[in-house]
Amino acid sequence: MSQRPRIRIPHVFVLLTLVILICAVSTWVVPSGHFDRVTRSVQGKERVLLVPNTFEAMAKNYSWKGLLLGEEIEGQATPVGLQGFLTAIPRGMEAAADIIFFIFIIGGAFGILQRTGVITASLGRMLEKLGDRGPLLTVVLMFFMAVGGSTLGMGEEFIPLVPIFLIVAKRLGYDRIYALAIVFAAAAVGFAASTTNPFTVNVAQGIAEIPLSSGLTLRIVFFFTTLTIAVIYVLRYAARVKADPARSLMPDDPFELDEGAGGVDRFTGRHLAVIVVSVAIFAFIIYAVQSYGWWMADMAGGFFLMGIAAMLLARLPLAEATDAFVRGMEEMVVAALVVGFARGISVVLADGQIMDTVIHGAALALSHVPRYVAVLGMLAFESTLNFLIPSGSGQAAVTVPLMAPLADILGLTRQTAVLAFTCGDGFSNTVIPTSGILMAMLSLAKVPYGTWLRFMMPLFLMLMAASSLFLVIAVAIQYT
């Protein structure tokens, strides 16, 4: 019997370049327009926000010069031409430089940790204690990943953990998809079911002018509900693969890891010292983000210190530590550059000035439907828009200023509008190809994007159904 041909998803760089091209072509077709913007301090950071009811359509400047090199004319929008398309990726990398170099630094720091042997030794000790209790390990790991995403908005920080979880998956008899699920899917679910996430719910609540970290009761219930759904889904998949490896979504994958990743060191006092100091530094980084407003460069400095401390405690020769640091950064090249490619999309949309048109059209459509329909429309809109603006705080800055007053008009609470934003922004990160974190982790795990979609799409639909249910409940109880 002939096998059904499978659709091959192109390499991540090709895929993102095609998305940028489609967006560039769209700037010639989609009407341009703009909202006025105002700079406001939200949680101690200056953010540029849209001003509701200020949208103005703009005439487009069509010309042969604009098609090739771009042509700026005051008061008119210029569709993105050939030069704008070709420079979108370099400009996207410039715009995302803080995240890109943050990923490089934490990759280097984890390279040193890997060279000290602390990672494999700790995993070996943990697996020795747990034996074959893979399900218990799955629950524990997914819980902590989700808590990190939900409370602290952790995402990029987990990228270097992918190779570690690959080791765990291999030793437990699972596959690459399982490894990616316990770190990425769990963190993404926590990020979406946000409780105190400073980058999404707190920013959105600040913009919507409601108390920070308010409405926690429903959010906590929502967090445990969605995490339970995700954990059960991953456990069922893991059990299926464990029972019959041929039922894996990657049945032909030999799942071979580098020799350096496969060696196991005996756990020693030095390893314990490295763990204690690294955890203390990491805890301070998280505290500083909350208390001192640290951002990417500050956090990168903290991880750099972690690498230095690990080198000194493990008594690694300087040359060996340097080599490990460089190798760790090398492993992050694709992961880091994916972020820059993805940012090129928002660069093109801003150049062609069509993003505000999309937002205005959606807000206008939602203002003419019943509130139960409108709240689900908000969820769908935020999920779709995340494809174009895969940044939580960035999306909050351009949508919440419109969705909050729209909620007032529709008889919804602003808290409900914020919940629609966090769900739409968060869960879609698990499937959209413009999510830099997703594509970076897929690259590290060597899981094809199409294969990941086959695994994740059923779970994504279940999570969106849960989101819809909780949003309906929020409308019914006038969630505040």
# chains A, B, ... in the order shown; residues from 1 in each chain; ligands from 1
>>> residues_around(residues="region 201-213 of chain A", least_positions_apart="3", cutoff="6 Å", atoms="only C-alpha atoms", output="list in words")
Val42, Thr196, Asn197, Pro198, Ala396 and Ala404 of chain A
>>> write_last_selection(atoms="C-alpha atoms", output="compact mmCIF listing (two decimals), in the first residue's frame")
# COMPACT_ATOMS: atom_id res chain seq x y z
CA VAL A 42 4.10 51.13 32.75
CA THR A 196 2.04 37.33 37.76
CA ASN A 197 3.94 37.29 34.44
CA PRO A 198 5.59 40.74 34.36
CA ALA A 396 -0.03 44.47 24.82
CA ALA A 404 -9.78 47.93 27.33
>>> residues_around(residues="region 344-353 of chain A", least_positions_apart="4", cutoff="8 Å", atoms="only C-alpha atoms", output="list in words")
Val19, Ile20, Cys23, Ala24, Thr27, Trp28, Ser32, Gly33, His34, Ala77, Thr78, Pro79, Val80, Gly84, Phe85, Ala88, Ile89, Pro90, Arg91, Gly92, Met93, Gly340, Thr357, Leu388 and Ile389 of chain A
>>> atom_distance(atom1="CA of Asn386 (chain A)", atom2="CA of Asp425 (chain A)")
5.6 Å
>>> residues_around(residues="region 178-188 of chain A", least_positions_apart="3", cutoff="9 Å", atoms="only C-alpha atoms", output="PyMOL selection string")
chain A and resi 138-139+141-150+153-155+158-159+161-170+174-175+191-193+227+230-231+234-235+237-238+426-430+437-438+441-442+445+447+456
>>> write_last_selection(atoms="N, CA and C atoms", output="short mmCIF file (atom, residue, chain, number, x, y, z; two decimals), in the first residue's frame")
data_model
loop_
_atom_site.label_atom_id
_atom_site.label_comp_id
_atom_site.auth_asym_id
_atom_site.auth_seq_id
_atom_site.Cartn_x
_atom_site.Cartn_y
_atom_site.Cartn_z
N THR A 138 8.00 13.56 34.76
CA THR A 138 7.31 14.41 33.79
C THR A 138 6.45 15.45 34.50
N VAL A 139 5.67 15.00 35.47
CA VAL A 139 4.78 15.90 36.20
C VAL A 139 5.59 16.97 36.93
N LEU A 141 8.76 18.07 36.40
CA LEU A 141 9.45 18.98 35.50
C LEU A 141 8.49 19.95 34.83
N MET A 142 7.36 19.45 34.34
CA MET A 142 6.40 20.32 33.67
C MET A 142 5.81 21.34 34.63
N PHE A 143 5.62 20.94 35.88
CA PHE A 143 5.09 21.88 36.87
C PHE A 143 6.05 23.05 37.08
N PHE A 144 7.33 22.74 37.26
CA PHE A 144 8.29 23.82 37.51
C PHE A 144 8.50 24.69 36.27
N MET A 145 8.49 24.08 35.08
CA MET A 145 8.60 24.89 33.87
C MET A 145 7.41 25.83 33.74
N ALA A 146 6.22 25.32 34.01
CA ALA A 146 5.00 26.12 33.89
C ALA A 146 4.97 27.23 34.93
N VAL A 147 5.39 26.95 36.14
CA VAL A 147 5.42 27.98 37.17
C VAL A 147 6.37 29.11 36.77
N GLY A 148 7.52 28.74 36.20
CA GLY A 148 8.47 29.76 35.74
C GLY A 148 7.87 30.65 34.67
N GLY A 149 7.12 30.05 33.74
CA GLY A 149 6.48 30.83 32.69
C GLY A 149 5.35 31.69 33.22
N SER A 150 4.56 31.15 34.15
CA SER A 150 3.38 31.83 34.65
C SER A 150 3.71 32.99 35.58
N GLY A 153 7.43 34.87 33.59
CA GLY A 153 7.50 35.08 32.15
C GLY A 153 8.73 34.47 31.51
N MET A 154 9.23 33.38 32.09
CA MET A 154 10.46 32.78 31.57
C MET A 154 10.20 32.07 30.25
N GLY A 155 11.08 32.28 29.31
CA GLY A 155 10.98 31.65 28.00
C GLY A 155 12.35 31.45 27.39
N PHE A 158 14.93 29.24 29.12
CA PHE A 158 14.83 27.78 29.06
C PHE A 158 15.47 27.18 27.80
N ILE A 159 15.85 28.02 26.86
CA ILE A 159 16.39 27.50 25.59
C ILE A 159 17.58 26.57 25.81
N LEU A 161 18.17 24.62 28.08
CA LEU A 161 17.80 23.38 28.77
C LEU A 161 17.40 22.27 27.80
N VAL A 162 17.15 22.62 26.55
CA VAL A 162 16.69 21.62 25.58
C VAL A 162 17.65 20.43 25.48
N PRO A 163 18.97 20.66 25.28
CA PRO A 163 19.88 19.51 25.21
C PRO A 163 19.86 18.65 26.47
N ILE A 164 19.62 19.30 27.62
CA ILE A 164 19.58 18.55 28.88
C ILE A 164 18.37 17.62 28.91
N PHE A 165 17.22 18.15 28.50
CA PHE A 165 16.02 17.33 28.51
C PHE A 165 16.04 16.26 27.43
N LEU A 166 16.84 16.47 26.39
CA LEU A 166 17.04 15.40 25.40
C LEU A 166 17.71 14.20 26.06
N ILE A 167 18.68 14.48 26.94
CA ILE A 167 19.35 13.39 27.66
C ILE A 167 18.34 12.64 28.52
N VAL A 168 17.51 13.41 29.23
CA VAL A 168 16.48 12.80 30.10
C VAL A 168 15.56 11.90 29.28
N ALA A 169 15.09 12.44 28.15
CA ALA A 169 14.16 11.68 27.30
C ALA A 169 14.79 10.39 26.80
N LYS A 170 16.03 10.46 26.37
CA LYS A 170 16.69 9.28 25.83
C LYS A 170 16.87 8.20 26.90
N TYR A 174 12.07 7.70 25.84
CA TYR A 174 11.12 8.51 25.09
C TYR A 174 11.79 9.07 23.83
N ASP A 175 11.20 10.11 23.23
CA ASP A 175 11.77 10.65 22.00
C ASP A 175 12.02 12.15 22.13
N PHE A 191 3.15 30.46 30.59
CA PHE A 191 3.24 31.84 30.10
C PHE A 191 1.86 32.35 29.70
N ALA A 192 1.06 31.48 29.07
CA ALA A 192 -0.28 31.88 28.63
C ALA A 192 -1.24 31.97 29.81
N ALA A 193 -1.21 30.96 30.69
CA ALA A 193 -2.06 30.98 31.88
C ALA A 193 -1.36 31.80 32.95
N LEU A 227 -2.63 23.42 32.79
CA LEU A 227 -1.44 22.60 33.01
C LEU A 227 -1.83 21.13 33.13
N ALA A 230 -2.31 19.77 29.70
CA ALA A 230 -1.04 19.57 29.01
C ALA A 230 -0.28 18.36 29.56
N VAL A 231 -0.25 18.22 30.87
CA VAL A 231 0.48 17.10 31.49
C VAL A 231 -0.13 15.77 31.07
N VAL A 234 0.82 15.00 27.45
CA VAL A 234 2.23 14.57 27.30
C VAL A 234 2.43 13.18 27.89
N LEU A 235 1.81 12.90 29.03
CA LEU A 235 1.95 11.58 29.64
C LEU A 235 1.40 10.48 28.73
N TYR A 237 1.18 10.59 25.46
CA TYR A 237 2.10 10.43 24.33
C TYR A 237 3.35 9.66 24.77
N ALA A 238 3.89 10.02 25.93
CA ALA A 238 5.10 9.35 26.42
C ALA A 238 4.85 7.87 26.65
N GLY A 426 -0.47 33.95 24.44
CA GLY A 426 0.36 32.88 24.97
C GLY A 426 0.25 31.54 24.28
N PHE A 427 -0.96 31.01 24.17
CA PHE A 427 -1.10 29.65 23.64
C PHE A 427 -0.69 29.54 22.19
N SER A 428 -0.90 30.59 21.42
CA SER A 428 -0.53 30.54 20.00
C SER A 428 0.99 30.45 19.82
N ASN A 429 1.75 30.83 20.85
CA ASN A 429 3.21 30.71 20.76
C ASN A 429 3.66 29.27 20.56
N THR A 430 2.80 28.32 20.89
CA THR A 430 3.18 26.91 20.77
C THR A 430 3.13 26.40 19.34
N ILE A 437 11.27 31.74 20.14
CA ILE A 437 11.61 30.73 21.14
C ILE A 437 11.26 29.33 20.63
N LEU A 438 10.07 29.19 20.04
CA LEU A 438 9.67 27.89 19.50
C LEU A 438 10.64 27.42 18.44
N MET A 441 14.05 26.42 19.85
CA MET A 441 14.05 25.14 20.55
C MET A 441 13.89 23.98 19.58
N LEU A 442 13.07 24.17 18.55
CA LEU A 442 12.94 23.12 17.53
C LEU A 442 14.28 22.84 16.88
N ALA A 445 16.45 20.91 19.37
CA ALA A 445 15.96 19.55 19.58
C ALA A 445 15.99 18.70 18.31
N VAL A 447 13.79 18.79 15.91
CA VAL A 447 12.43 18.35 15.63
C VAL A 447 11.89 19.20 14.49
N MET A 456 1.51 19.04 18.50
CA MET A 456 1.01 20.14 19.32
C MET A 456 -0.39 20.59 18.97
#
>>> residues_around(residues="Glu157 (chain A)", least_positions_apart="4", cutoff="9 Å", atoms="only C-alpha atoms", output="ChimeraX atom specification")
/A:102-103,106,161
>>> residues_around(residues="Ala474 (chain A)", least_positions_apart="3", cutoff="9 Å", atoms="only C-alpha atoms", output="ChimeraX atom specification")
/A:218,412-413,415-416,419,469-471,477-480
>>> residues_around(residues="Phe381 (chain A)", least_positions_apart="6", cutoff="10 Å", atoms="only C-alpha atoms", output="ChimeraX atom specification")
/A:358-359,362-363,366,375,399,420-421,424-425
>>> atom_distance(atom1="CA of Val51 (chain A)", atom2="CA of Pro405 (chain A)")
10.7 Å
>>> closest_atom_pairs(of="region 39-107 of chain A", to="region 314-329 of chain A", cutoff="7 Å", atoms="only C-alpha atoms", output="JSON lines")
{"residue": "A:Phe104", "atom": "CA", "partner": "A:Met329", "partner_atom": "CA", "distance": 5.0}
{"residue": "A:Ile105", "atom": "CA", "partner": "A:Met329", "partner_atom": "CA", "distance": 6.8}
{"residue": "A:Gly107", "atom": "CA", "partner": "A:Gly328", "partner_atom": "CA", "distance": 4.8}
